[in-house]
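Peer 1: Next comes input-v7.pdb, PDB, C-alpha atoms:
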```pdb
ATOM      1  CA  MET Z 214      19.941 -54.342 -47.588
ATOM      2  CA  TYR Z 215      18.212 -51.029 -46.999
ATOM      3  CA  ILE Z 216      18.457 -48.097 -44.609
ATOM      4  CA  LYS Z 217      15.828 -45.360 -44.801
ATOM      5  CA  LYS Z 218      15.000 -42.244 -42.835
ATOM      6  CA  ILE Z 219      11.335 -42.409 -41.913
ATOM      7  CA  ASP Z 220      10.661 -38.947 -43.339
ATOM      8  CA  ASP Z 221      11.846 -40.124 -46.785
ATOM      9  CA  ILE Z 222       9.121 -42.800 -46.973
ATOM     10  CA  PRO Z 223       5.840 -41.866 -48.726
ATOM     11  CA  THR Z 224       2.714 -41.446 -46.620
ATOM     12  CA  ALA Z 225      -0.738 -42.540 -47.852
ATOM     13  CA  LYS Z 226      -4.194 -41.843 -46.466
ATOM     14  CA  VAL Z 227      -5.981 -44.743 -44.746
ATOM     15  CA  ASN Z 228      -9.197 -44.610 -46.751
ATOM     16  CA  MET Z 229     -11.481 -46.188 -44.162
ATOM     17  CA  GLY Z 230     -10.070 -43.902 -41.419
ATOM     18  CA  VAL Z 231     -10.381 -40.270 -40.329
ATOM     19  CA  LYS Z 232      -7.150 -38.235 -40.120
ATOM     20  CA  ALA Z 233      -5.295 -41.556 -40.471
ATOM     21  CA  TRP Z 234      -2.076 -42.129 -42.435
ATOM     22  CA  LYS Z 235       0.120 -45.103 -43.292
ATOM     23  CA  GLN Z 236       3.714 -45.692 -44.415
ATOM     24  CA  VAL Z 237       5.214 -48.989 -45.588
ATOM     25  CA  LEU Z 238       8.618 -48.871 -43.856
ATOM     26  CA  ILE Z 239       9.902 -52.259 -45.076
ATOM     27  CA  GLY Z 240       7.971 -54.484 -47.459
ATOM     28  CA  GLU Z 241       7.721 -56.451 -50.678
ATOM     29  CA  PRO Z 242       9.434 -57.166 -53.005
ATOM     30  CA  MET Z 243      12.577 -56.738 -50.842
ATOM     31  CA  ALA Z 244      11.291 -58.398 -47.679
ATOM     32  CA  PRO Z 245      10.157 -61.981 -48.329
ATOM     33  CA  ASN Z 246       7.957 -62.802 -45.334
ATOM     34  CA  PHE Z 247       6.353 -59.794 -43.612
ATOM     35  CA  ALA Z 248       5.894 -56.034 -43.918
ATOM     36  CA  MET Z 249       6.566 -53.321 -41.327
ATOM     37  CA  ARG Z 250       4.261 -50.324 -41.578
ATOM     38  CA  ARG Z 251       3.778 -47.156 -39.480
ATOM     39  CA  PHE Z 252       0.293 -45.775 -38.848
ATOM     40  CA  ILE Z 253      -0.257 -42.175 -37.751
ATOM     41  CA  LEU Z 254      -3.568 -40.956 -36.319
ATOM     42  CA  GLU Z 255      -3.687 -37.200 -35.908
ATOM     43  CA  PRO Z 256      -5.445 -35.826 -32.802
ATOM     44  CA  GLY Z 257      -9.123 -36.709 -33.309
ATOM     45  CA  GLY Z 258      -8.192 -39.414 -35.829
ATOM     46  CA  SER Z 259      -9.706 -42.884 -35.927
ATOM     47  CA  ILE Z 260      -9.971 -46.156 -37.823
ATOM     48  CA  PRO Z 261     -13.381 -47.903 -37.632
ATOM     49  CA  SER Z 262     -13.970 -51.443 -36.443
ATOM     50  CA  HIS Z 263     -12.828 -53.989 -39.019
ATOM     51  CA  THR Z 264     -11.393 -57.440 -39.393
ATOM     52  CA  ASN Z 265      -8.328 -58.579 -41.344
ATOM     53  CA  THR Z 266      -7.465 -62.056 -42.519
ATOM     54  CA  VAL Z 267      -3.895 -61.539 -41.251
ATOM     55  CA  GLU Z 268      -2.610 -60.981 -37.713
ATOM     56  CA  HIS Z 269      -1.079 -57.701 -36.444
ATOM     57  CA  GLU Z 270       2.019 -57.303 -34.264
ATOM     58  CA  GLN Z 271       2.099 -53.701 -33.067
ATOM     59  CA  PHE Z 272       4.276 -51.363 -31.039
ATOM     60  CA  VAL Z 273       3.159 -47.866 -29.982
ATOM     61  CA  LEU Z 274       5.799 -45.269 -30.891
ATOM     62  CA  ASN Z 275       4.096 -42.097 -29.688
ATOM     63  CA  GLY Z 276       0.878 -40.746 -28.210
ATOM     64  CA  ARG Z 277      -2.067 -42.610 -26.818
ATOM     65  CA  ALA Z 278      -5.378 -44.060 -27.973
ATOM     66  CA  ARG Z 279      -8.528 -45.878 -26.996
ATOM     67  CA  ILE Z 280      -8.643 -49.113 -28.975
ATOM     68  CA  GLY Z 281     -11.140 -51.931 -29.267
ATOM     69  CA  ILE Z 282     -10.149 -55.572 -29.706
ATOM     70  CA  GLY Z 283     -12.976 -58.073 -29.888
ATOM     71  CA  GLU Z 284     -15.626 -56.998 -27.375
ATOM     72  CA  LYS Z 285     -13.300 -55.037 -25.080
ATOM     73  CA  THR Z 286     -11.726 -51.569 -25.075
ATOM     74  CA  TYR Z 287      -8.275 -50.611 -23.823
ATOM     75  CA  ASP Z 288      -6.217 -47.459 -23.254
ATOM     76  CA  VAL Z 289      -2.803 -47.783 -24.883
ATOM     77  CA  ALA Z 290       0.210 -45.467 -24.929
ATOM     78  CA  LYS Z 291       3.827 -45.154 -26.076
ATOM     79  CA  ASP Z 292       5.856 -48.342 -25.578
ATOM     80  CA  ASP Z 293       2.864 -50.699 -25.402
ATOM     81  CA  CYS Z 294       3.000 -53.965 -27.376
ATOM     82  CA  ILE Z 295      -0.228 -55.225 -28.967
ATOM     83  CA  TYR Z 296      -1.082 -58.507 -30.671
ATOM     84  CA  ILE Z 297      -4.320 -58.758 -32.672
ATOM     85  CA  PRO Z 298      -5.067 -62.255 -34.035
ATOM     86  CA  ALA Z 299      -6.323 -62.700 -37.608
ATOM     87  CA  GLY Z 300     -10.118 -62.367 -37.787
ATOM     88  CA  THR Z 301     -10.525 -60.360 -34.551
ATOM     89  CA  ALA Z 302     -12.466 -57.094 -34.907
ATOM     90  CA  HIS Z 303     -10.500 -53.999 -33.846
ATOM     91  CA  TRP Z 304     -10.674 -50.178 -34.004
ATOM     92  CA  TYR Z 305      -8.594 -47.157 -32.942
ATOM     93  CA  GLU Z 306      -9.421 -43.667 -31.621
ATOM     94  CA  ALA Z 307      -6.520 -41.277 -31.004
ATOM     95  CA  ALA Z 308      -6.602 -39.610 -27.566
ATOM     96  CA  GLY Z 309      -4.818 -36.493 -26.411
ATOM     97  CA  GLU Z 310      -3.175 -33.591 -28.175
ATOM     98  CA  THR Z 311      -0.367 -35.409 -30.006
ATOM     99  CA  PRO Z 312      -0.458 -37.928 -32.871
ATOM    100  CA  PHE Z 313      -0.923 -41.602 -32.020
ATOM    101  CA  GLU Z 314       1.744 -43.494 -33.948
ATOM    102  CA  PHE Z 315       2.364 -47.225 -34.060
ATOM    103  CA  ILE Z 316       4.324 -49.879 -35.892
ATOM    104  CA  CYS Z 317       2.149 -52.670 -37.339
ATOM    105  CA  VAL Z 318       3.753 -55.793 -38.830
ATOM    106  CA  VAL Z 319       1.750 -58.163 -41.050
ATOM    107  CA  PRO Z 320       2.644 -61.296 -43.023
ATOM    108  CA  ASN Z 321       3.066 -61.017 -46.815
ATOM    109  CA  ARG Z 322      -0.223 -62.708 -47.534
ATOM    110  CA  GLU Z 323      -3.475 -61.549 -49.103
ATOM    111  CA  ASP Z 324      -5.380 -59.486 -46.535
ATOM    112  CA  VAL Z 325      -9.149 -59.248 -46.915
ATOM    113  CA  VAL Z 326     -10.387 -56.268 -44.871
ATOM    114  CA  GLU Z 327     -14.014 -56.178 -43.746
ATOM    115  CA  VAL Z 328     -15.275 -52.904 -42.264
ATOM    116  CA  LEU Z 329     -17.956 -53.614 -39.664
ATOM    117  CA  GLU Z 330     -21.142 -51.559 -39.348
ATOM    118  CA  GLU Z 331     -21.137 -48.900 -36.684
ATOM    119  CA  GLU Z 332     -23.603 -49.278 -33.848
ATOM    120  CA  GLY Z 333     -26.852 -47.639 -34.747
ATOM    121  CA  ALA Z 334     -25.865 -47.131 -38.367
TER     122      ALA Z 334
ATOM    123  CA  MET J 140      -4.998 -60.937 -28.114
ATOM    124  CA  TYR J 141      -2.360 -59.356 -25.890
ATOM    125  CA  ILE J 142      -1.439 -55.892 -24.643
ATOM    126  CA  LYS J 143       1.766 -55.498 -22.637
ATOM    127  CA  LYS J 144       3.701 -52.583 -21.171
ATOM    128  CA  ILE J 145       7.285 -52.871 -22.343
ATOM    129  CA  ASP J 146       8.636 -52.620 -18.797
ATOM    130  CA  ASP J 147       6.667 -55.753 -17.819
ATOM    131  CA  ILE J 148       8.507 -57.900 -20.392
ATOM    132  CA  PRO J 149      11.605 -59.816 -19.206
ATOM    133  CA  THR J 150      15.026 -58.693 -20.418
ATOM    134  CA  ALA J 151      17.819 -61.155 -21.233
ATOM    135  CA  LYS J 152      21.493 -60.588 -21.903
ATOM    136  CA  VAL J 153      22.685 -60.984 -25.497
ATOM    137  CA  ASN J 154      25.479 -63.478 -24.844
ATOM    138  CA  MET J 155      27.625 -62.652 -27.861
ATOM    139  CA  GLY J 156      27.326 -58.893 -27.159
ATOM    140  CA  VAL J 157      28.747 -56.364 -24.703
ATOM    141  CA  LYS J 158      26.252 -54.355 -22.608
ATOM    142  CA  ALA J 159      23.543 -55.706 -24.919
ATOM    143  CA  TRP J 160      20.030 -56.782 -23.906
ATOM    144  CA  LYS J 161      17.005 -58.299 -25.608
ATOM    145  CA  GLN J 162      13.259 -58.560 -24.986
ATOM    146  CA  VAL J 163      10.764 -60.683 -26.922
ATOM    147  CA  LEU J 164       7.835 -58.268 -27.199
ATOM    148  CA  ILE J 165       5.515 -60.539 -29.206
ATOM    149  CA  GLY J 166       6.384 -64.110 -30.151
ATOM    150  CA  GLU J 167       5.594 -67.791 -30.171
ATOM    151  CA  PRO J 168       3.433 -69.633 -29.301
ATOM    152  CA  MET J 169       0.882 -66.779 -29.573
ATOM    153  CA  ALA J 170       2.148 -65.234 -32.813
ATOM    154  CA  PRO J 171       2.160 -67.760 -35.660
ATOM    155  CA  ASN J 172       4.493 -66.225 -38.252
ATOM    156  CA  PHE J 173       7.093 -63.802 -36.851
ATOM    157  CA  ALA J 174       8.485 -62.408 -33.597
ATOM    158  CA  MET J 175       8.974 -58.776 -32.566
ATOM    159  CA  ARG J 176      11.947 -58.199 -30.272
ATOM    160  CA  ARG J 177      13.569 -55.070 -28.759
ATOM    161  CA  PHE J 178      17.356 -54.831 -28.465
ATOM    162  CA  ILE J 179      19.003 -52.363 -26.096
ATOM    163  CA  LEU J 180      22.710 -51.482 -26.311
ATOM    164  CA  GLU J 181      23.893 -49.402 -23.377
ATOM    165  CA  PRO J 182      26.415 -46.618 -24.127
ATOM    166  CA  GLY J 183      29.597 -48.439 -25.162
ATOM    167  CA  GLY J 184      27.597 -51.586 -25.972
ATOM    168  CA  SER J 185      28.098 -53.694 -29.071
ATOM    169  CA  ILE J 186      27.168 -56.898 -30.900
ATOM    170  CA  PRO J 187      29.968 -58.470 -32.978
ATOM    171  CA  SER J 188      29.771 -59.294 -36.666
ATOM    172  CA  HIS J 189      27.594 -62.343 -37.293
ATOM    173  CA  THR J 190      25.247 -63.896 -39.782
ATOM    174  CA  ASN J 191      21.734 -65.250 -39.271
ATOM    175  CA  THR J 192      19.792 -67.644 -41.445
ATOM    176  CA  VAL J 193      16.732 -65.380 -41.114
ATOM    177  CA  GLU J 194      16.209 -61.808 -42.285
ATOM    178  CA  HIS J 195      15.820 -58.787 -39.950
ATOM    179  CA  GLU J 196      13.328 -55.932 -40.267
ATOM    180  CA  GLN J 197      14.399 -53.204 -37.849
ATOM    181  CA  PHE J 198      13.262 -49.811 -36.593
ATOM    182  CA  VAL J 199      15.425 -47.582 -34.380
ATOM    183  CA  LEU J 200      13.481 -46.425 -31.320
ATOM    184  CA  ASN J 201      16.129 -44.373 -29.533
ATOM    185  CA  GLY J 202      19.773 -43.358 -29.657
ATOM    186  CA  ARG J 203      22.299 -43.859 -32.404
ATOM    187  CA  ALA J 204      24.872 -46.392 -33.523
ATOM    188  CA  ARG J 205      27.526 -47.259 -36.053
ATOM    189  CA  ILE J 206      26.475 -50.483 -37.763
ATOM    190  CA  GLY J 207      28.043 -52.731 -40.360
ATOM    191  CA  ILE J 208      26.055 -54.545 -43.047
ATOM    192  CA  GLY J 209      28.054 -56.628 -45.500
ATOM    193  CA  GLU J 210      31.251 -54.711 -46.294
ATOM    194  CA  LYS J 211      29.901 -51.239 -45.467
ATOM    195  CA  THR J 212      29.351 -49.194 -42.313
ATOM    196  CA  TYR J 213      26.506 -46.772 -41.629
ATOM    197  CA  ASP J 214      25.479 -44.251 -38.960
ATOM    198  CA  VAL J 215      21.906 -44.862 -37.868
ATOM    199  CA  ALA J 216      19.653 -43.006 -35.433
ATOM    200  CA  LYS J 217      16.121 -42.854 -34.018
ATOM    201  CA  ASP J 218      13.406 -43.390 -36.652
ATOM    202  CA  ASP J 219      15.651 -45.147 -39.181
ATOM    203  CA  CYS J 220      14.331 -48.305 -40.877
ATOM    204  CA  ILE J 221      16.829 -51.099 -41.611
ATOM    205  CA  TYR J 222      16.479 -54.297 -43.618
ATOM    206  CA  ILE J 223      19.198 -56.975 -43.292
ATOM    207  CA  PRO J 224      18.754 -59.963 -45.640
ATOM    208  CA  ALA J 225      19.292 -63.512 -44.353
ATOM    209  CA  GLY J 226      22.953 -64.527 -44.561
ATOM    210  CA  THR J 227      24.381 -60.974 -44.622
ATOM    211  CA  ALA J 228      27.072 -60.243 -41.990
ATOM    212  CA  HIS J 229      26.186 -57.380 -39.630
ATOM    213  CA  TRP J 230      27.345 -55.752 -36.371
ATOM    214  CA  TYR J 231      26.345 -52.894 -34.049
ATOM    215  CA  GLU J 232      28.262 -50.363 -31.928
ATOM    216  CA  ALA J 233      26.244 -47.958 -29.796
ATOM    217  CA  ALA J 234      27.290 -44.309 -30.186
ATOM    218  CA  GLY J 235      26.613 -41.363 -27.894
ATOM    219  CA  GLU J 236      25.543 -41.059 -24.295
ATOM    220  CA  THR J 237      22.122 -42.707 -24.440
ATOM    221  CA  PRO J 238      21.083 -46.326 -25.075
ATOM    222  CA  PHE J 239      20.670 -47.456 -28.672
ATOM    223  CA  GLU J 240      17.332 -49.254 -28.861
ATOM    224  CA  PHE J 241      15.729 -50.933 -31.846
ATOM    225  CA  ILE J 242      12.869 -53.198 -32.838
ATOM    226  CA  CYS J 243      13.968 -56.306 -34.767
ATOM    227  CA  VAL J 244      11.369 -58.592 -36.365
ATOM    228  CA  VAL J 245      12.309 -62.109 -37.519
ATOM    229  CA  PRO J 246      10.311 -65.002 -38.987
ATOM    230  CA  ASN J 247       9.413 -67.951 -36.721
ATOM    231  CA  ARG J 248      11.982 -70.228 -38.277
ATOM    232  CA  GLU J 249      15.127 -71.877 -36.995
ATOM    233  CA  ASP J 250      17.889 -69.256 -36.881
ATOM    234  CA  VAL J 251      21.476 -70.469 -37.070
ATOM    235  CA  VAL J 252      23.771 -67.679 -35.812
ATOM    236  CA  GLU J 253      27.416 -67.666 -36.868
ATOM    237  CA  VAL J 254      29.715 -65.212 -35.081
ATOM    238  CA  LEU J 255      32.485 -64.070 -37.441
ATOM    239  CA  GLU J 256      36.107 -63.673 -36.368
ATOM    240  CA  GLU J 257      37.196 -60.159 -35.523
ATOM    241  CA  GLU J 258      39.817 -58.576 -37.719
ATOM    242  CA  GLY J 259      43.268 -59.413 -36.447
ATOM    243  CA  ALA J 260      41.962 -62.002 -34.008
TER     244      ALA J 260
END
```
Please render this file's structure as structure tokens.
Peer 2:
Amino acid sequence: MYIKKIDDIPTAKVNMGVKAWKQVLIGEPMAPNFAMRRFILEPGGSIPSHTNTVEHEQFVLNGRARIGIGEKTYDVAKDDCIYIPAGTAHWYEAAGETPFEFICVVPNREDVVEVLEEEGA
Amino acid sequence: MYIKKIDDIPTAKVNMGVKAWKQVLIGEPMAPNFAMRRFILEPGGSIPSHTNTVEHEQFVLNGRARIGIGEKTYDVAKDDCIYIPAGTAHWYEAAGETPFEFICVVPNREDVVEVLEEEGA
């Protein structure tokens, strides 16, 4: 078993993002099937459109954001639940003056990430 | 994909608990590998000692509680991360004046729950 204060868990930069950070809250080798991570986007932070080969089960802990899933965009906020199927393009843009923070659970399986070209780039 | 406000998701009583409620935030048949649930223990609420045949990955959203895992007891509060291996006895007792709320993720696999006898019962 394992009990951890969130502030005792290391934070790493999300390399494809801007002002975007990630913590692995619960993961391998302890947890056999899936990993729970927290993502933090500072005000003005973003993660560009990309696909993963694994699905995402997400829960918004704090703040709000504009997010894209497939061809559509959505406004999400604290206490929203989000499911993104494997292979579906998605992106995040923090909105407002406070960090946008969310839990994101993924299966323990190889994840190939493909960053998609920005429009006009 | 799926985006849901938490207040739009049905709440069910946890039958083995006292003042204990559960929501399935993201689950089957949409999500192929694991389910994200929220548990809510009102002040004075509890769930008795039991085992599951699946593991739990948990994150405390609000409030605090005294919990037992195996032979030990722990005080947990908002923002704590908890991992309970499959087969390990565990229980929860809400503490304080506000609800104790936590995310609990489990694999999509048959879960056999065994409620353990209380001491002295």
Peer 1: Per residue of segment 145-229 of chain J within 8 Å of segment 235-239 of chain Z, what are the shortest atom pair and its distance in Å to one decimal, counting only C-alpha atoms, with rows by chain and residue number, as a Markdown table?
Peer 2:
```
| residue | atom | partner | partner_atom | distance |
| --- | --- | --- | --- | --- |
| J:Glu196 | CA | Z:Ile239 | CA | 7.0 |
| J:Cys220 | CA | Z:Leu238 | CA | 6.5 |
| J:Ile221 | CA | Z:Ile239 | CA | 7.8 |
| J:Tyr222 | CA | Z:Ile239 | CA | 7.0 |
```
Peer 1: Let's have chain J fitted on chain Z; use all the C-alpha atoms paired in order for the least-squares step and return it as a CSV table (one decimal) with C-alpha atoms, in the frame of the given file.
Peer 2:
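Output file result.csv follows:
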```csv
chain,number,residue,atom,x,y,z
J,140,MET,CA,20.0,-54.3,-47.6
J,141,TYR,CA,18.2,-51.0,-47.0
J,142,ILE,CA,18.5,-48.1,-44.6
J,143,LYS,CA,15.8,-45.4,-44.8
J,144,LYS,CA,15.0,-42.3,-42.8
J,145,ILE,CA,11.3,-42.4,-41.9
J,146,ASP,CA,10.7,-38.9,-43.3
J,147,ASP,CA,11.8,-40.1,-46.8
J,148,ILE,CA,9.1,-42.8,-47.0
J,149,PRO,CA,5.9,-41.9,-48.7
J,150,THR,CA,2.7,-41.4,-46.6
J,151,ALA,CA,-0.7,-42.5,-47.8
J,152,LYS,CA,-4.2,-41.8,-46.5
J,153,VAL,CA,-6.0,-44.7,-44.7
J,154,ASN,CA,-9.2,-44.6,-46.8
J,155,MET,CA,-11.5,-46.2,-44.2
J,156,GLY,CA,-10.1,-43.9,-41.4
J,157,VAL,CA,-10.4,-40.3,-40.3
J,158,LYS,CA,-7.1,-38.2,-40.1
J,159,ALA,CA,-5.3,-41.5,-40.5
J,160,TRP,CA,-2.1,-42.1,-42.4
J,161,LYS,CA,0.1,-45.1,-43.3
J,162,GLN,CA,3.7,-45.7,-44.4
J,163,VAL,CA,5.2,-49.0,-45.6
J,164,LEU,CA,8.6,-48.9,-43.9
J,165,ILE,CA,9.9,-52.3,-45.1
J,166,GLY,CA,8.0,-54.5,-47.5
J,167,GLU,CA,7.7,-56.5,-50.7
J,168,PRO,CA,9.4,-57.2,-53.0
J,169,MET,CA,12.6,-56.7,-50.8
J,170,ALA,CA,11.3,-58.4,-47.7
J,171,PRO,CA,10.2,-62.0,-48.3
J,172,ASN,CA,8.0,-62.8,-45.3
J,173,PHE,CA,6.4,-59.8,-43.6
J,174,ALA,CA,5.9,-56.0,-43.9
J,175,MET,CA,6.6,-53.3,-41.3
J,176,ARG,CA,4.3,-50.3,-41.6
J,177,ARG,CA,3.8,-47.2,-39.5
J,178,PHE,CA,0.3,-45.8,-38.8
J,179,ILE,CA,-0.3,-42.2,-37.7
J,180,LEU,CA,-3.6,-41.0,-36.3
J,181,GLU,CA,-3.7,-37.2,-35.9
J,182,PRO,CA,-5.5,-35.8,-32.8
J,183,GLY,CA,-9.1,-36.7,-33.3
J,184,GLY,CA,-8.2,-39.4,-35.8
J,185,SER,CA,-9.7,-42.9,-35.9
J,186,ILE,CA,-10.0,-46.2,-37.8
J,187,PRO,CA,-13.4,-47.9,-37.6
J,188,SER,CA,-14.0,-51.4,-36.5
J,189,HIS,CA,-12.8,-54.0,-39.0
J,190,THR,CA,-11.4,-57.4,-39.4
J,191,ASN,CA,-8.3,-58.6,-41.3
J,192,THR,CA,-7.5,-62.1,-42.5
J,193,VAL,CA,-3.9,-61.5,-41.3
J,194,GLU,CA,-2.6,-61.0,-37.7
J,195,HIS,CA,-1.1,-57.7,-36.5
J,196,GLU,CA,2.0,-57.3,-34.3
J,197,GLN,CA,2.1,-53.7,-33.1
J,198,PHE,CA,4.3,-51.4,-31.0
J,199,VAL,CA,3.2,-47.9,-30.0
J,200,LEU,CA,5.8,-45.3,-30.9
J,201,ASN,CA,4.1,-42.1,-29.7
J,202,GLY,CA,0.9,-40.7,-28.2
J,203,ARG,CA,-2.1,-42.6,-26.8
J,204,ALA,CA,-5.4,-44.0,-28.0
J,205,ARG,CA,-8.5,-45.9,-27.0
J,206,ILE,CA,-8.7,-49.1,-29.0
J,207,GLY,CA,-11.1,-51.9,-29.3
J,208,ILE,CA,-10.2,-55.6,-29.7
J,209,GLY,CA,-13.0,-58.1,-29.9
J,210,GLU,CA,-15.6,-57.0,-27.4
J,211,LYS,CA,-13.3,-55.0,-25.1
J,212,THR,CA,-11.7,-51.6,-25.1
J,213,TYR,CA,-8.3,-50.6,-23.8
J,214,ASP,CA,-6.2,-47.5,-23.3
J,215,VAL,CA,-2.8,-47.8,-24.9
J,216,ALA,CA,0.2,-45.5,-24.9
J,217,LYS,CA,3.8,-45.2,-26.1
J,218,ASP,CA,5.8,-48.3,-25.6
J,219,ASP,CA,2.8,-50.7,-25.4
J,220,CYS,CA,3.0,-54.0,-27.4
J,221,ILE,CA,-0.2,-55.2,-29.0
J,222,TYR,CA,-1.1,-58.5,-30.7
J,223,ILE,CA,-4.3,-58.8,-32.7
J,224,PRO,CA,-5.1,-62.3,-34.0
J,225,ALA,CA,-6.3,-62.7,-37.6
J,226,GLY,CA,-10.1,-62.4,-37.8
J,227,THR,CA,-10.5,-60.4,-34.6
J,228,ALA,CA,-12.5,-57.1,-34.9
J,229,HIS,CA,-10.5,-54.0,-33.9
J,230,TRP,CA,-10.7,-50.2,-34.0
J,231,TYR,CA,-8.6,-47.1,-33.0
J,232,GLU,CA,-9.4,-43.7,-31.6
J,233,ALA,CA,-6.5,-41.3,-31.0
J,234,ALA,CA,-6.6,-39.6,-27.6
J,235,GLY,CA,-4.8,-36.5,-26.4
J,236,GLU,CA,-3.2,-33.6,-28.2
J,237,THR,CA,-0.4,-35.4,-30.0
J,238,PRO,CA,-0.5,-37.9,-32.9
J,239,PHE,CA,-0.9,-41.6,-32.0
J,240,GLU,CA,1.7,-43.5,-34.0
J,241,PHE,CA,2.4,-47.2,-34.1
J,242,ILE,CA,4.3,-49.9,-35.9
J,243,CYS,CA,2.1,-52.7,-37.3
J,244,VAL,CA,3.8,-55.8,-38.8
J,245,VAL,CA,1.7,-58.2,-41.0
J,246,PRO,CA,2.6,-61.3,-43.0
J,247,ASN,CA,3.1,-61.0,-46.8
J,248,ARG,CA,-0.2,-62.7,-47.5
J,249,GLU,CA,-3.5,-61.6,-49.1
J,250,ASP,CA,-5.4,-59.5,-46.5
J,251,VAL,CA,-9.1,-59.2,-46.9
J,252,VAL,CA,-10.4,-56.3,-44.9
J,253,GLU,CA,-14.0,-56.2,-43.8
J,254,VAL,CA,-15.3,-52.9,-42.3
J,255,LEU,CA,-18.0,-53.6,-39.7
J,256,GLU,CA,-21.1,-51.5,-39.3
J,257,GLU,CA,-21.1,-48.9,-36.6
J,258,GLU,CA,-23.5,-49.3,-33.8
J,259,GLY,CA,-26.8,-47.7,-34.6
J,260,ALA,CA,-25.9,-47.2,-38.2
```
Peer 1: Per residue of chain J within 6 Å of chain Z, note the shortest atom pair and the distance in Å to one decimal, counting all atoms listed in the file, and order the rows by chain and increasing residue number, as CSV.
Peer 2:
```
residue,atom,partner,partner_atom,distance
J:Met140,CA,Z:Ile297,CA,5.1
J:Tyr141,CA,Z:Tyr296,CA,5.0
J:Ile142,CA,Z:Ile295,CA,4.5
J:Lys143,CA,Z:Cys294,CA,5.1
J:Lys144,CA,Z:Asp293,CA,4.7
J:Ile145,CA,Z:Asp292,CA,5.7
J:Asp218,CA,Z:Ile219,CA,5.7
J:Asp219,CA,Z:Lys218,CA,4.7
J:Cys220,CA,Z:Lys217,CA,5.1
J:Ile221,CA,Z:Ile216,CA,4.5
J:Tyr222,CA,Z:Tyr215,CA,5.0
J:Ile223,CA,Z:Met214,CA,5.1
```
Peer 1: Taking the file as I've supplied it (selection: the PyMOL selection byres ((chain J and resi 253) around 10)), which residues are included? Please answer as a short mmCIF file (atom, residue, chain, number, x, y, z; two decimals) with C-alpha atoms, in the coordinates of the input.
Peer 2:
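Result went into out-v8.cif, see below:
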```cif
data_model
loop_
_atom_site.label_atom_id
_atom_site.label_comp_id
_atom_site.auth_asym_id
_atom_site.auth_seq_id
_atom_site.Cartn_x
_atom_site.Cartn_y
_atom_site.Cartn_z
CA SER J 188 29.77 -59.29 -36.67
CA HIS J 189 27.59 -62.34 -37.29
CA THR J 190 25.25 -63.90 -39.78
CA ASN J 191 21.73 -65.25 -39.27
CA THR J 192 19.79 -67.64 -41.44
CA GLY J 226 22.95 -64.53 -44.56
CA ALA J 228 27.07 -60.24 -41.99
CA ASP J 250 17.89 -69.26 -36.88
CA VAL J 251 21.48 -70.47 -37.07
CA VAL J 252 23.77 -67.68 -35.81
CA VAL J 254 29.72 -65.21 -35.08
CA LEU J 255 32.48 -64.07 -37.44
CA GLU J 256 36.11 -63.67 -36.37
#
```
Peer 1: Please compute the atom CA of Gly235 of chain J-atom CA of Leu180 of chain J distance, one decimal, in Å.
Peer 2: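 For atom CA of Gly235 of chain J relative to atom CA of Leu180 of chain J, the distance reads 11.0 Å.
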Peer 1: Starting from the shown file, work through the PyMOL selection byres ((chain Z and resi 278) around 10) and note down what comes out as number ranges by chain.
Peer 2: Z: 254, 256-259, 273, 275-277, 279-281, 287-291, 305-309, 312-314
Peer 1: Quick one, how far is atom CA of Arg248 of chain J from atom CA of Glu167 of chain J?
Peer 2: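 Atom CA of Glu167 of chain J lies 10.6 Å from atom CA of Arg248 of chain J.
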Peer 1: Can you report as JSON the centre and edge lengths in Å, to one decimal, of an axis-aligned box around the listed atoms of segment 226-233 of chain J padded with 4 Å on each side?
Peer 2:
```
{"center_x": 25.6, "center_y": -56.2, "center_z": -37.2, "size_x": 13.3, "size_y": 24.6, "size_z": 22.8}
```
Peer 1: Could you work out how far atom CA of Arg251 of chain Z lies from atom CA of Ile179 of chain J, giving the answer in Å with one decimal?
Peer 2: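 Distance reported for this atom pair: 20.9 Å.
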Peer 1: With distances taken over only C-alpha atoms, which of J:Ile186, J:Asn247, J:Arg176, J:Val193 is nearest to Lys158 of chain J?
Peer 2: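 Smallest separation from Lys158 of chain J among the options: J:Ile186.
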Peer 1: Since I can't run it myself right now, could you work out what the PyMOL selection byres ((chain Z and resi 234) around 6) selects here and report it as a list in words?
Peer 2: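 Evaluating the PyMOL selection byres ((chain Z and resi 234) around 6) on these coordinates yields Ala225, Lys226, Val227, Ala233, Lys235, Phe252 and Ile253 of chain Z.
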